[in-house]
Amino acid sequence: PNDDTTAGIAIYLVRTALKRWEPRIDIRALDAYPDPLNPTVLLISLQYQVRMTKTNAEIQLSLNLAGEER
């Protein structure tokens, strides 16, 4: 289901992966929430800072929880 529990799991997994595989950044904000226009899509928003340059950036991703369409 596309609910708070799924969003929480996504946040945990993204944060864990970034800490392990992308040590060049500091996470400033990370959030996940259902897309208000499509109930099967989870939106993930990441704000981060590159440690060396102090450059701030943001990435927004959408994840279709319904799986592949056939």
# chains A, B, ... in the order shown; residues from 1 in each chain; ligands from 1
$ residues_around --residues "A:Leu63" --least-positions-apart "3" --cutoff "12 Å" --atoms "only C-alpha atoms" --output "list of chain:residue names"
A:Asn2, A:Thr6, A:Ala7, A:Ala10, A:Ala32, A:Tyr33, A:Pro34, A:Asp35, A:Asn38, A:Pro39, A:Thr40, A:Val41, A:Leu42, A:Leu43, A:Ile44, A:Ser45, A:Gln60, A:Ala66, A:Gly67, A:Glu68
$ residues_around --residues "A:Asn56" --least-positions-apart "3" --cutoff "9 Å" --atoms "only C-alpha atoms" --output "VMD selection string"
chain A and resid 28 47 to 50 53
$ write_last_selection --atoms "N, CA, C and O atoms" --output "PDB file, in the first residue's frame"
ATOM      1  N   ARG A  28      20.371  16.769   3.652  1.00  0.00           N
ATOM      2  CA  ARG A  28      19.753  17.910   4.335  1.00  0.00           C
ATOM      3  C   ARG A  28      18.280  17.642   4.636  1.00  0.00           C
ATOM      4  O   ARG A  28      17.767  18.035   5.669  1.00  0.00           O
ATOM      5  N   GLN A  47      17.082  16.456  -0.546  1.00  0.00           N
ATOM      6  CA  GLN A  47      17.898  17.668  -0.584  1.00  0.00           C
ATOM      7  C   GLN A  47      19.223  17.311   0.079  1.00  0.00           C
ATOM      8  O   GLN A  47      19.236  16.731   1.169  1.00  0.00           O
ATOM      9  N   TYR A  48      20.320  17.672  -0.578  1.00  0.00           N
ATOM     10  CA  TYR A  48      21.629  17.304  -0.054  1.00  0.00           C
ATOM     11  C   TYR A  48      22.653  18.391  -0.342  1.00  0.00           C
ATOM     12  O   TYR A  48      22.405  19.309  -1.129  1.00  0.00           O
ATOM     13  N   GLN A  49      23.805  18.263   0.315  1.00  0.00           N
ATOM     14  CA  GLN A  49      24.909  19.184   0.085  1.00  0.00           C
ATOM     15  C   GLN A  49      26.164  18.362  -0.212  1.00  0.00           C
ATOM     16  O   GLN A  49      26.467  17.402   0.512  1.00  0.00           O
ATOM     17  N   VAL A  50      26.881  18.763  -1.254  1.00  0.00           N
ATOM     18  CA  VAL A  50      28.153  18.125  -1.576  1.00  0.00           C
ATOM     19  C   VAL A  50      29.183  18.649  -0.582  1.00  0.00           C
ATOM     20  O   VAL A  50      29.366  19.858  -0.451  1.00  0.00           O
ATOM     21  N   THR A  53      32.345  20.928  -2.040  1.00  0.00           N
ATOM     22  CA  THR A  53      32.062  22.226  -2.661  1.00  0.00           C
ATOM     23  C   THR A  53      31.008  23.037  -1.923  1.00  0.00           C
ATOM     24  O   THR A  53      30.787  24.198  -2.259  1.00  0.00           O
TER      25      THR A  53
END
$ select_by_dssp --residues "chain A" --states "strand (DSSP E)" --output "MDAnalysis selection string"
chainID A and resid 25:35 38:50 56:64
$ closest_residue --among "A:Leu18, A:Ile27, A:Ile9, A:Leu37" --to "A:Lys54" --atoms "only C-alpha atoms"
A:Ile27
$ closest_residue --among "A:Arg51, A:Pro1, A:Ser62, A:Ala57" --to "A:Glu22" --atoms "only C-alpha atoms"
A:Arg51
$ closest_residue --among "A:Ile59, A:Ile25, A:Leu65, A:Leu30" --to "A:Ile11" --atoms "only C-alpha atoms"
A:Leu30
